[in-house]
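my_file00.txt (compact mmCIF, C-alpha atoms)
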```
# COMPACT_ATOMS: atom_id res chain seq x y z
CA MET A 1 -28.92 -24.36 -3.69
CA PRO A 2 -31.64 -25.86 -1.44
CA GLY A 3 -30.66 -29.24 -0.02
CA PHE A 4 -27.05 -28.88 -1.15
CA PRO A 5 -25.45 -26.34 1.19
CA PHE A 6 -21.98 -27.44 0.10
CA LEU A 7 -22.84 -26.17 -3.41
CA GLU A 8 -24.03 -22.77 -2.29
CA ILE A 9 -21.99 -19.93 -3.77
CA SER A 10 -20.77 -17.36 -1.29
CA PRO A 11 -20.65 -13.64 -2.15
CA ALA A 12 -16.86 -13.86 -2.23
CA THR A 13 -16.99 -16.73 -4.72
CA LYS A 14 -19.46 -14.84 -6.91
CA LEU A 15 -17.12 -11.85 -6.91
CA ILE A 16 -14.20 -14.08 -7.87
CA HIS A 17 -16.23 -15.57 -10.74
CA ARG A 18 -17.23 -12.16 -12.06
CA LEU A 19 -13.71 -10.80 -11.83
CA THR A 20 -12.25 -13.95 -13.35
CA LEU A 21 -14.52 -13.46 -16.36
CA LYS A 22 -13.46 -9.82 -16.65
CA LEU A 23 -9.83 -10.78 -16.34
CA ALA A 24 -10.25 -13.41 -19.05
CA LEU A 25 -11.78 -10.85 -21.38
CA LEU A 26 -9.04 -8.38 -20.56
CA THR A 27 -6.44 -11.07 -21.20
CA LEU A 28 -7.80 -11.55 -24.71
CA ALA A 29 -7.95 -7.81 -25.23
CA ASN A 30 -4.49 -7.33 -23.83
CA ALA A 31 -3.10 -10.01 -26.12
CA GLY A 32 -4.52 -8.09 -29.04
CA TRP A 33 -3.16 -4.81 -27.72
CA SER A 34 0.30 -6.19 -26.96
CA SER A 35 1.51 -5.56 -30.47
CA LEU A 36 -0.37 -2.29 -30.72
CA VAL A 37 0.38 -0.55 -27.44
CA THR A 38 2.36 2.51 -28.27
CA ARG A 39 6.01 2.88 -27.41
CA LYS A 40 5.28 5.50 -24.82
CA TYR A 41 4.83 2.95 -22.07
CA GLU A 42 7.87 0.99 -23.21
CA ARG A 43 10.10 4.02 -22.91
CA THR A 44 9.09 4.75 -19.32
CA LYS A 45 8.05 1.52 -17.64
CA ASN A 46 11.53 0.44 -16.51
CA LYS A 47 12.79 3.88 -15.55
CA ASP A 48 12.82 5.43 -12.13
CA TYR A 49 12.71 9.15 -11.52
CA LYS A 50 15.41 11.11 -9.74
CA LEU A 51 15.45 14.84 -9.13
CA VAL A 52 18.86 16.38 -9.72
CA GLY A 53 19.13 19.65 -7.82
CA GLU A 54 16.99 21.19 -5.11
CA LEU A 55 13.49 22.38 -5.86
CA SER A 56 10.59 23.74 -3.85
CA SER A 57 7.05 23.89 -5.20
CA ASP A 58 6.71 27.33 -3.63
CA SER A 59 9.35 28.93 -5.83
CA GLU A 60 9.91 30.56 -9.18
CA ALA A 61 12.50 27.86 -9.88
CA PHE A 62 9.78 25.21 -9.73
CA LEU A 63 7.64 27.10 -12.25
CA ARG A 64 10.62 27.45 -14.57
CA ALA A 65 11.32 23.73 -14.32
CA VAL A 66 7.73 22.90 -15.25
CA GLU A 67 7.88 25.35 -18.14
CA ALA A 68 11.20 24.08 -19.46
CA ILE A 69 10.55 20.35 -19.15
CA THR A 70 6.82 20.10 -19.96
CA GLY A 71 6.51 23.09 -22.28
CA ALA A 72 3.83 24.73 -20.12
CA PRO A 73 4.32 28.52 -20.29
CA ILE A 74 4.12 30.56 -17.11
CA SER A 75 1.29 33.10 -17.27
CA TYR A 76 0.33 35.77 -14.77
CA GLY A 77 -2.80 37.83 -14.40
CA ASN A 78 -5.41 35.05 -14.42
CA GLN A 79 -8.71 34.87 -12.60
CA VAL A 80 -9.76 31.45 -11.38
CA LYS A 81 -12.80 29.94 -9.72
CA VAL A 82 -12.82 26.37 -8.42
CA LEU A 83 -16.18 24.64 -8.97
CA THR A 84 -17.33 21.64 -6.94
CA ASN A 85 -19.89 19.14 -8.25
CA GLY A 86 -22.55 19.58 -10.88
CA ASP A 87 -24.66 22.11 -8.99
CA GLN A 88 -21.78 24.60 -9.33
CA ILE A 89 -20.14 23.36 -12.52
CA PHE A 90 -22.98 23.07 -15.01
CA PRO A 91 -24.63 26.47 -14.30
CA ALA A 92 -21.22 28.14 -14.74
CA MET A 93 -20.63 26.31 -18.02
CA LEU A 94 -24.11 27.16 -19.31
CA ASP A 95 -23.65 30.82 -18.38
CA ALA A 96 -20.39 30.89 -20.31
CA ILE A 97 -21.99 29.21 -23.32
CA CYS A 98 -24.80 31.75 -23.32
CA SER A 99 -22.26 34.59 -23.23
CA ALA A 100 -20.48 33.40 -26.40
CA GLU A 101 -20.27 36.05 -29.13
CA LYS A 102 -17.80 34.66 -31.68
CA THR A 103 -16.56 31.13 -30.99
CA LEU A 104 -17.30 28.16 -28.76
CA ASN A 105 -15.13 25.04 -28.55
CA LEU A 106 -15.99 21.92 -26.54
CA VAL A 107 -14.06 18.67 -26.29
CA THR A 108 -15.10 15.89 -23.95
CA PHE A 109 -14.37 12.24 -23.35
CA VAL A 110 -17.82 11.68 -21.82
CA TYR A 111 -21.12 12.80 -23.34
CA TRP A 112 -23.72 10.34 -22.12
CA LYS A 113 -27.37 10.61 -21.07
CA GLY A 114 -29.51 12.51 -18.57
CA PRO A 115 -31.13 15.97 -18.43
CA ILE A 116 -27.84 17.85 -18.69
CA ALA A 117 -26.98 16.26 -22.06
CA PRO A 118 -29.79 17.91 -24.08
CA GLN A 119 -29.48 21.07 -21.98
CA ILE A 120 -25.86 21.60 -23.03
CA ALA A 121 -26.66 20.69 -26.64
CA GLU A 122 -29.61 23.09 -26.75
CA ALA A 123 -27.52 25.96 -25.38
CA ILE A 124 -24.85 25.36 -28.02
CA CYS A 125 -27.49 25.13 -30.75
CA GLU A 126 -28.90 28.53 -29.78
CA LYS A 127 -25.48 30.15 -30.07
CA ALA A 128 -24.82 28.51 -33.43
CA GLN A 129 -28.14 29.84 -34.73
CA GLU A 130 -27.05 33.31 -33.59
CA GLY A 131 -23.95 33.03 -35.76
CA VAL A 132 -21.40 31.89 -33.18
CA LYS A 133 -18.88 29.42 -34.65
CA CYS A 134 -19.41 26.31 -32.51
CA ASN A 135 -17.14 23.25 -32.61
CA VAL A 136 -17.86 20.10 -30.60
CA LEU A 137 -15.34 17.26 -30.47
CA LEU A 138 -16.36 13.91 -28.95
CA ASP A 139 -14.09 11.00 -28.19
CA ALA A 140 -15.33 8.15 -30.36
CA ILE A 141 -15.04 5.60 -27.54
CA GLY A 142 -15.83 7.58 -24.40
CA ALA A 143 -18.78 9.49 -25.87
CA ALA A 144 -20.23 6.55 -27.80
CA PRO A 145 -23.35 6.36 -25.56
CA ILE A 146 -24.51 9.85 -26.63
CA ASP A 147 -28.03 10.15 -27.98
CA LEU A 148 -27.37 10.51 -31.72
CA ARG A 149 -30.41 12.75 -32.01
CA LEU A 150 -28.47 15.41 -30.11
CA ILE A 151 -25.73 15.30 -32.72
CA GLU A 152 -28.27 15.60 -35.50
CA LYS A 153 -29.88 18.53 -33.73
CA MET A 154 -26.56 20.33 -33.26
CA GLU A 155 -25.51 19.76 -36.87
CA ASN A 156 -28.87 21.05 -38.14
CA ALA A 157 -28.33 24.19 -36.05
CA GLY A 158 -24.94 24.80 -37.66
CA VAL A 159 -22.67 23.25 -35.02
CA LYS A 160 -19.63 21.42 -36.35
CA VAL A 161 -19.48 18.03 -34.60
CA ALA A 162 -16.49 15.73 -35.01
CA TRP A 163 -15.37 12.39 -33.58
CA PHE A 164 -11.87 11.89 -32.20
CA ARG A 165 -10.22 8.73 -33.56
CA PRO A 166 -13.25 6.67 -34.58
CA PRO A 167 -12.37 3.01 -35.15
CA ARG A 168 -10.89 2.63 -38.62
CA TRP A 169 -8.60 -0.01 -40.10
CA HIS A 170 -5.94 2.59 -40.88
CA ASN A 171 -5.74 3.97 -37.32
CA ILE A 172 -5.99 0.71 -35.39
CA LYS A 173 -2.68 1.44 -33.64
CA LYS A 174 -4.19 4.59 -32.16
CA LEU A 175 -7.44 3.00 -31.03
CA ASN A 176 -6.15 2.60 -27.48
CA ASN A 177 -5.10 6.25 -27.31
CA ARG A 178 -8.06 8.49 -26.52
CA THR A 179 -8.58 12.15 -25.80
CA HIS A 180 -9.55 12.20 -22.15
CA ARG A 181 -9.61 16.01 -22.08
CA LYS A 182 -12.63 17.96 -20.89
CA ILE A 183 -12.35 21.52 -22.15
CA LEU A 184 -14.79 24.32 -22.89
CA VAL A 185 -13.46 27.59 -24.30
CA VAL A 186 -15.71 30.56 -25.12
CA ASP A 187 -14.46 33.35 -27.40
CA GLY A 188 -10.91 32.30 -26.59
CA LYS A 189 -11.29 34.20 -23.30
CA ILE A 190 -13.13 31.95 -20.84
CA GLY A 191 -12.00 28.39 -20.24
CA PHE A 192 -13.12 25.39 -18.23
CA THR A 193 -11.36 22.13 -17.48
CA GLY A 194 -11.33 19.39 -14.87
CA GLY A 195 -12.84 15.98 -14.46
CA VAL A 196 -16.50 16.53 -15.29
CA GLY A 197 -18.21 14.74 -18.14
CA ILE A 198 -21.61 15.62 -19.58
CA ALA A 199 -23.96 13.05 -18.08
CA GLU A 200 -26.51 12.72 -15.31
CA GLU A 201 -23.91 11.10 -13.04
CA TRP A 202 -22.28 14.53 -12.61
CA MET A 203 -25.47 16.40 -11.78
CA GLY A 204 -26.38 17.40 -8.24
CA ASP A 205 -24.03 17.77 -5.28
CA ALA A 206 -22.68 14.25 -4.67
CA GLN A 207 -25.66 13.72 -2.39
CA ASP A 208 -26.06 9.99 -3.11
CA PRO A 209 -24.43 7.12 -5.03
CA LEU A 210 -26.12 8.21 -8.27
CA HIS A 211 -24.48 11.65 -8.27
CA TRP A 212 -20.71 11.80 -8.47
CA ARG A 213 -18.18 13.97 -6.65
CA ASP A 214 -15.98 16.04 -9.00
CA THR A 215 -13.97 19.25 -9.36
CA HIS A 216 -13.74 21.65 -12.29
CA VAL A 217 -12.23 25.11 -12.74
CA ARG A 218 -13.25 28.28 -14.59
CA VAL A 219 -10.40 30.44 -15.88
CA GLU A 220 -10.03 33.85 -17.47
CA GLY A 221 -6.77 35.45 -18.53
CA PRO A 222 -3.66 34.45 -20.52
CA ALA A 223 -3.81 30.80 -19.37
CA VAL A 224 -6.96 30.27 -21.45
CA ARG A 225 -4.77 30.20 -24.55
CA GLY A 226 -3.24 26.95 -23.29
CA LEU A 227 -6.68 25.37 -22.95
CA GLN A 228 -7.62 26.60 -26.42
CA GLY A 229 -4.40 25.14 -27.76
CA ALA A 230 -5.23 21.75 -26.28
CA PHE A 231 -8.61 21.83 -28.01
CA CYS A 232 -7.14 23.01 -31.31
CA GLU A 233 -4.58 20.19 -31.23
CA ASN A 234 -7.30 17.53 -31.03
CA TRP A 235 -9.56 19.37 -33.49
CA LEU A 236 -6.77 19.54 -36.07
CA GLU A 237 -6.26 15.79 -35.95
CA ALA A 238 -9.97 15.06 -36.16
CA THR A 239 -10.89 17.53 -38.91
CA GLY A 240 -7.73 18.87 -40.54
CA GLU A 241 -8.83 22.40 -39.61
CA VAL A 242 -6.34 24.82 -38.07
CA LEU A 243 -8.28 27.23 -35.86
CA ALA A 244 -6.57 30.61 -35.73
CA GLY A 245 -7.26 34.34 -35.83
CA GLU A 246 -8.66 36.80 -33.32
CA ASP A 247 -11.96 34.94 -32.93
CA TYR A 248 -10.16 31.88 -31.55
CA LEU A 249 -6.88 33.30 -30.25
CA PRO A 250 -7.49 36.88 -29.16
CA SER A 251 -5.07 39.02 -27.21
CA LEU A 252 -5.44 38.13 -23.53
CA PRO A 253 -4.32 40.94 -21.23
CA THR A 254 -3.47 40.28 -17.61
CA LEU A 255 -6.37 40.62 -15.20
CA PRO A 256 -6.49 41.85 -11.58
CA GLY A 257 -5.56 39.18 -9.07
CA ASP A 258 -2.31 38.15 -10.72
CA ILE A 259 -2.81 34.39 -10.30
CA CYS A 260 0.06 32.45 -11.83
CA ALA A 261 -1.05 29.50 -13.98
CA GLN A 262 0.44 26.92 -16.32
CA VAL A 263 -1.41 24.62 -18.72
CA THR A 264 0.31 21.28 -19.26
CA ARG A 265 -0.89 18.83 -21.87
CA SER A 266 0.22 15.37 -22.91
CA SER A 267 -0.49 13.94 -26.32
CA ALA A 268 -0.47 10.18 -26.65
CA GLY A 269 -0.07 10.52 -30.39
CA LYS A 270 3.40 11.96 -29.85
CA GLY A 271 4.48 9.74 -26.98
CA ASP A 272 4.67 12.65 -24.57
CA THR A 273 4.57 12.10 -20.84
CA ASN A 274 4.50 15.77 -19.88
CA ILE A 275 1.75 15.25 -17.33
CA GLU A 276 3.65 12.44 -15.64
CA THR A 277 6.70 14.68 -15.45
CA LEU A 278 4.58 17.45 -13.95
CA PHE A 279 3.35 15.13 -11.20
CA PHE A 280 6.85 13.85 -10.52
CA LEU A 281 8.23 17.38 -10.16
CA ALA A 282 5.43 18.30 -7.77
CA ILE A 283 5.89 15.19 -5.61
CA ALA A 284 9.68 15.45 -5.56
CA SER A 285 9.49 19.12 -4.61
CA ALA A 286 7.03 18.72 -1.73
CA GLN A 287 8.43 19.85 1.63
CA GLU A 288 5.50 19.66 4.07
CA ARG A 289 2.35 18.15 2.57
CA LEU A 290 1.09 16.50 -0.57
CA TRP A 291 -2.61 15.76 -0.86
CA LEU A 292 -3.73 13.83 -3.93
CA THR A 293 -7.31 13.19 -5.04
CA THR A 294 -7.71 10.83 -7.97
CA ALA A 295 -10.47 8.76 -9.52
CA TYR A 296 -8.13 5.95 -10.58
CA PHE A 297 -4.98 5.19 -8.62
CA VAL A 298 -2.92 2.57 -10.44
CA PRO A 299 0.63 3.99 -10.43
CA ARG A 300 3.59 2.22 -11.95
CA PRO A 301 6.41 1.26 -9.53
CA ALA A 302 8.53 4.35 -10.23
CA LEU A 303 5.72 6.64 -9.07
CA VAL A 304 5.01 4.50 -6.02
CA ASP A 305 8.68 4.98 -5.11
CA VAL A 306 8.41 8.75 -5.58
CA LEU A 307 5.46 8.89 -3.18
CA THR A 308 7.18 6.72 -0.58
CA ARG A 309 10.35 8.83 -0.77
CA ALA A 310 8.28 11.93 -0.11
CA ALA A 311 6.71 10.32 2.96
CA LYS A 312 10.12 9.12 4.14
CA ARG A 313 11.50 12.67 4.16
CA GLY A 314 8.64 13.78 6.39
CA VAL A 315 6.05 15.02 3.89
CA ASP A 316 2.42 14.53 4.92
CA VAL A 317 1.36 12.38 1.95
CA ARG A 318 -2.33 11.55 1.68
CA VAL A 319 -4.10 9.84 -1.19
CA LEU A 320 -7.88 9.98 -1.59
CA VAL A 321 -9.46 7.47 -3.98
CA PRO A 322 -12.98 6.14 -4.68
CA GLY A 323 -14.52 3.63 -2.33
CA PRO A 324 -17.33 1.10 -2.78
CA HIS A 325 -19.11 3.07 -5.51
CA MET A 326 -16.19 3.10 -7.94
CA ASN A 327 -17.36 2.57 -11.52
CA HIS A 328 -14.34 0.50 -12.67
CA LYS A 329 -13.87 -2.24 -10.10
CA ILE A 330 -10.81 -3.80 -11.70
CA ALA A 331 -8.91 -0.50 -11.49
CA ARG A 332 -9.78 -0.27 -7.80
CA ILE A 333 -8.49 -3.78 -7.15
CA ALA A 334 -5.35 -3.32 -9.26
CA GLY A 335 -4.47 -0.11 -7.42
CA ARG A 336 -4.77 -1.78 -4.04
CA VAL A 337 -1.74 -3.95 -4.73
CA ASN A 338 0.36 -0.89 -3.82
CA TYR A 339 -1.39 -0.03 -0.56
CA SER A 340 0.80 -2.09 1.78
CA LYS A 341 4.06 -0.65 0.48
CA LEU A 342 2.72 2.88 0.58
CA MET A 343 1.28 2.63 4.08
CA LYS A 344 4.41 1.00 5.48
CA LYS A 345 6.37 4.05 4.31
CA GLY A 346 3.94 6.50 5.87
CA VAL A 347 1.55 7.32 3.02
CA ARG A 348 -2.03 7.66 4.28
CA ILE A 349 -4.75 6.25 2.01
CA TYR A 350 -8.46 7.03 2.18
CA GLU A 351 -11.47 5.74 0.25
CA TYR A 352 -14.39 8.08 -0.36
CA GLN A 353 -17.62 6.42 0.79
CA PRO A 354 -20.82 8.24 -0.33
CA THR A 355 -20.52 8.02 -4.11
CA MET A 356 -18.09 7.75 -7.01
CA LEU A 357 -15.16 10.13 -6.50
CA HIS A 358 -14.13 11.43 -9.93
CA ALA A 359 -12.11 14.53 -8.98
CA LYS A 360 -8.45 14.86 -10.00
CA THR A 361 -6.53 17.38 -7.91
CA LEU A 362 -3.14 17.66 -6.26
CA VAL A 363 -2.15 20.24 -3.63
CA VAL A 364 1.44 20.71 -2.49
CA ASP A 365 2.66 22.72 0.53
CA SER A 366 -0.41 24.98 0.62
CA ALA A 367 1.14 26.88 -2.30
CA TRP A 368 0.82 24.96 -5.56
CA SER A 369 -2.07 22.97 -6.99
CA THR A 370 -3.24 21.33 -10.18
CA ILE A 371 -6.68 20.43 -11.54
CA GLY A 372 -7.47 18.59 -14.74
CA SER A 373 -8.45 15.40 -16.52
CA THR A 374 -5.44 13.37 -15.39
CA ASN A 375 -5.78 10.32 -13.16
CA PHE A 376 -2.84 8.78 -11.30
CA ASP A 377 -2.50 5.82 -13.65
CA ASN A 378 -0.65 4.77 -16.77
CA ARG A 379 -3.63 5.38 -19.01
CA SER A 380 -3.54 9.08 -18.17
CA PHE A 381 0.23 9.35 -17.96
CA ALA A 382 1.15 7.49 -21.15
CA LEU A 383 -1.84 6.50 -23.29
CA ASN A 384 -4.46 9.27 -23.34
CA ASP A 385 -4.41 12.93 -24.35
CA GLU A 386 -4.79 14.88 -21.10
CA VAL A 387 -4.70 18.47 -19.90
CA ASN A 388 -4.08 19.99 -16.47
CA ILE A 389 -3.96 23.57 -15.30
CA SER A 390 -1.70 24.33 -12.35
CA PHE A 391 -1.65 27.34 -10.05
CA HIS A 392 0.99 28.92 -7.87
CA ASN A 393 -1.38 30.66 -5.51
CA ARG A 394 -1.91 30.10 -1.80
CA THR A 395 -5.55 31.15 -1.76
CA LEU A 396 -6.47 28.53 -4.37
CA ALA A 397 -4.30 25.89 -2.73
CA ARG A 398 -5.92 26.45 0.65
CA ALA A 399 -9.40 26.30 -0.89
CA LEU A 400 -8.55 22.91 -2.37
CA GLU A 401 -7.07 21.77 0.95
CA LYS A 402 -10.28 22.77 2.67
CA GLN A 403 -12.30 20.70 0.20
CA PHE A 404 -9.88 17.81 0.65
CA LEU A 405 -10.46 17.82 4.41
CA LEU A 406 -14.22 17.93 3.87
CA ASP A 407 -13.92 14.90 1.59
CA LEU A 408 -11.86 13.07 4.22
CA GLU A 409 -14.75 13.47 6.66
CA ARG A 410 -16.77 11.27 4.30
CA SER A 411 -13.96 8.78 3.74
CA ARG A 412 -12.47 5.72 5.42
CA GLU A 413 -8.76 5.56 6.16
CA PHE A 414 -6.94 2.29 5.69
CA GLN A 415 -4.93 0.86 8.58
CA GLU A 416 -1.80 -1.00 7.49
CA ARG A 417 -2.00 -3.69 10.17
CA LYS A 418 -5.62 -4.51 9.41
CA TRP A 419 -5.04 -4.31 5.66
CA SER A 420 -2.20 -6.83 5.83
CA ARG A 421 -4.62 -9.38 7.31
CA ARG A 422 -7.11 -9.23 4.43
CA ALA A 423 -8.26 -12.51 2.86
CA LEU A 424 -5.83 -14.40 0.65
CA TRP A 425 -8.28 -14.45 -2.26
CA LYS A 426 -8.31 -10.66 -2.25
CA LYS A 427 -4.52 -10.55 -2.46
CA ILE A 428 -4.61 -12.97 -5.38
CA LEU A 429 -7.17 -10.85 -7.23
CA GLU A 430 -5.02 -7.76 -6.68
CA LYS A 431 -2.00 -9.48 -8.17
CA LEU A 432 -3.99 -10.76 -11.15
CA SER A 433 -5.58 -7.38 -11.76
CA SER A 434 -2.25 -5.58 -11.55
CA ILE A 435 -1.14 -7.44 -14.68
CA PHE A 436 -3.32 -5.01 -16.60
CA SER A 437 -1.99 -1.87 -14.92
CA PRO A 438 -0.37 -0.61 -18.15
CA GLN A 439 -3.85 -0.44 -19.70
CA LEU A 440 -5.70 0.96 -16.66
```
Show this structure as structure tokens.
Amino acid sequence: MPGFPFLEISPATKLIHRLTLKLALLTLANAGWSSLVTRKYERTKNKDYKLVGELSSDSEAFLRAVEAITGAPISYGNQVKVLTNGDQIFPAMLDAICSAEKTLNLVTFVYWKGPIAPQIAEAICEKAQEGVKCNVLLDAIGAAPIDLRLIEKMENAGVKVAWFRPPRWHNIKKLNNRTHRKILVVDGKIGFTGGVGIAEEWMGDAQDPLHWRDTHVRVEGPAVRGLQGAFCENWLEATGEVLAGEDYLPSLPTLPGDICAQVTRSSAGKGDTNIETLFFLAIASAQERLWLTTAYFVPRPALVDVLTRAAKRGVDVRVLVPGPHMNHKIARIAGRVNYSKLMKKGVRIYEYQPTMLHAKTLVVDSAWSTIGSTNFDNRSFALNDEVNISFHNRTLARALEKQFLLDLERSREFQERKWSRRALWKKILEKLSSIFSPQL
């Protein structure tokens, strides 16, 4: 304020005021949720993980463990293509939609605005008008910003559109449990999943702060049935319809290439933590390297310990998270409370600088990898419905490692000594924000 320099508000103070307001709102929300938060977090929050027996991610024994514990069947004979950013992802999805002959299923947490939103809707409408059975499932919270005219247009074309868990008095206890899955399945034979939502933020090639960095995957072969199953599970709850028969679940013969894949899904409605178990098994089995890319990194203490134990036994553990363009600031701050402990134990942490990093991938020992909708936080591990597809294939793992190294070139690595000297007010904000980690 002119003439009163002692009353001028510094940028740091403004940030504190904004975050204090957000924290106050979250406190009220959290108080309301406290009696509603599902038991899933209660059953896991005080438990550590311990691997009994020896396991290597580059082994059949690892695949059997994932299958037995998470219920993800091992399937061979799949063909897979990793897609990076909207310029690769959306054309591939549109091509698949246009190829549909019998059925088309789409579930997404995000369906917002921008040129891609009507483009996807129009492509689905055209297939519905041709007689293809088209089902679109939107999360009632995540996809709320959609232009309602697109829904009207799809319904008029014959598309079945449903909302997943819309706010109702009778399902208030489930309101905090969303479907965070992003799945497209065409004719039960071609499947897509990953981190990409349908909005202008995902268009382009991560060339500027307005266009996000993300990873998706296109799959053909027996593993597609797992993706279809994840869609059908959510569709059944939303509509009461059980999708079955050859049009939805055709015979899927093995394809040349023999890529081994497993689809793991967690359902918040059942209290499953299959995805969290999958990540634990992968981390505990790592022998040489473990490279994690995640949009939101707010792990509970047990998972922090798993990462530090991996680093302690000599594994090259690197974590890549969003930097200054992160869309949920409180999650960024809450996650940072773990940085000192992780770095002291040898975990290397990087923040992606050019734009919002929304990809969710994990690569272990240049042999095993996973791609999906799951972030490294309690919301993904215990509250939301998620799906990941994992591959035991060195070619795919190395391709993801190559992309990881390219992303590191555009990232900033934290230095533990410098980080420990950060301002006291930042440390306080981290501690305050971490209170809400169970909901982030």
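Among the candidate residues A:Arg168, A:Lys402, A:His180, A:Arg379, the one lying nearest to Tyr296 (chain A) is A:Arg379, with distances computed using all atoms listed in the file.
Using all atoms listed in the file, the shortest contact distance between Ala302 (chain A) and any of A:Asp247, A:Asp377, A:Ile141, A:Gln129 is found at A:Asp377.
In this structure, CA of Asn176 (chain A) sits 7.2 Å away from CA of Leu383 (chain A).
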Worksheet item: Hey, which of A:Leu307, A:Gly229, A:Leu83, A:Ala284 ends up closest to Glu54 (chain A)? Count all atoms listed in the file.
Response: A:Ala284
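Note that CA of Met203 (chain A) and CA of Asp87 (chain A) are 6.4 Å apart.
Each of A:Ala367, A:Ala199, A:Ile89, A:Val159 was checked against Lys113 (chain A) using all atoms listed in the file; the smallest atom-to-atom distance is that of A:Ala199.
Nearest residue to Glu288 (chain A) among A:Ile116, A:Asp58, A:Thr374, A:Ile183 is A:Asp58, counting only C-alpha atoms.
The interatomic distance for the pair CA of Ala140 (chain A) and CA of Ser373 (chain A) works out to 17.1 Å.
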Polymer residues at most 8 Å from Ile283 (chain A), only C-alpha atoms, same-chain spacing of 2 or more positions, as an mmCIF file with C-alpha atoms, in the frame of the given file:
```
data_model
loop_
_atom_site.group_PDB
_atom_site.id
_atom_site.type_symbol
_atom_site.label_atom_id
_atom_site.label_comp_id
_atom_site.auth_asym_id
_atom_site.auth_seq_id
_atom_site.Cartn_x
_atom_site.Cartn_y
_atom_site.Cartn_z
ATOM 1 C CA PHE A 279 3.350 15.130 -11.200
ATOM 2 C CA PHE A 280 6.850 13.850 -10.520
ATOM 3 C CA LEU A 281 8.230 17.380 -10.160
ATOM 4 C CA SER A 285 9.490 19.120 -4.610
ATOM 5 C CA ALA A 286 7.030 18.720 -1.730
ATOM 6 C CA LEU A 290 1.090 16.500 -0.570
ATOM 7 C CA VAL A 306 8.410 8.750 -5.580
ATOM 8 C CA LEU A 307 5.460 8.890 -3.180
ATOM 9 C CA ALA A 310 8.280 11.930 -0.110
ATOM 10 C CA VAL A 364 1.440 20.710 -2.490
#
```
Worksheet entry | Closest of A:Arg336, A:Lys344, A:Arg265, A:Lys329 to Pro73 (chain A) - atom-to-atom distances counting all atoms listed in the file | A:Arg265
Fill in: Near-Pro256 (chain A) list (10 Å; only C-alpha atoms; drop same-chain fewer than 4 positions) as a list in words
Tyr76, Gly77, Asn78, Gln79 and Gly221 of chain A
Worksheet item: Near region 94-106 of chain A, within 9 Å and counting all atoms listed in the file, which residues show up once chain neighbours fewer than 4 positions away are dropped, as a PyMOL selection string?
Response: chain A and resi 89-90+119-120+123-124+126-128+130-138+182-188+190-191+228+231-232+247-248
Worksheet item: Got a sec to check which residues sit within 6 Å of (-14.1, 11.6, -0.3), counting all atoms listed in the file, and write them as a PyMOL selection string?
Response: chain A and resi 352+407-408+410-411
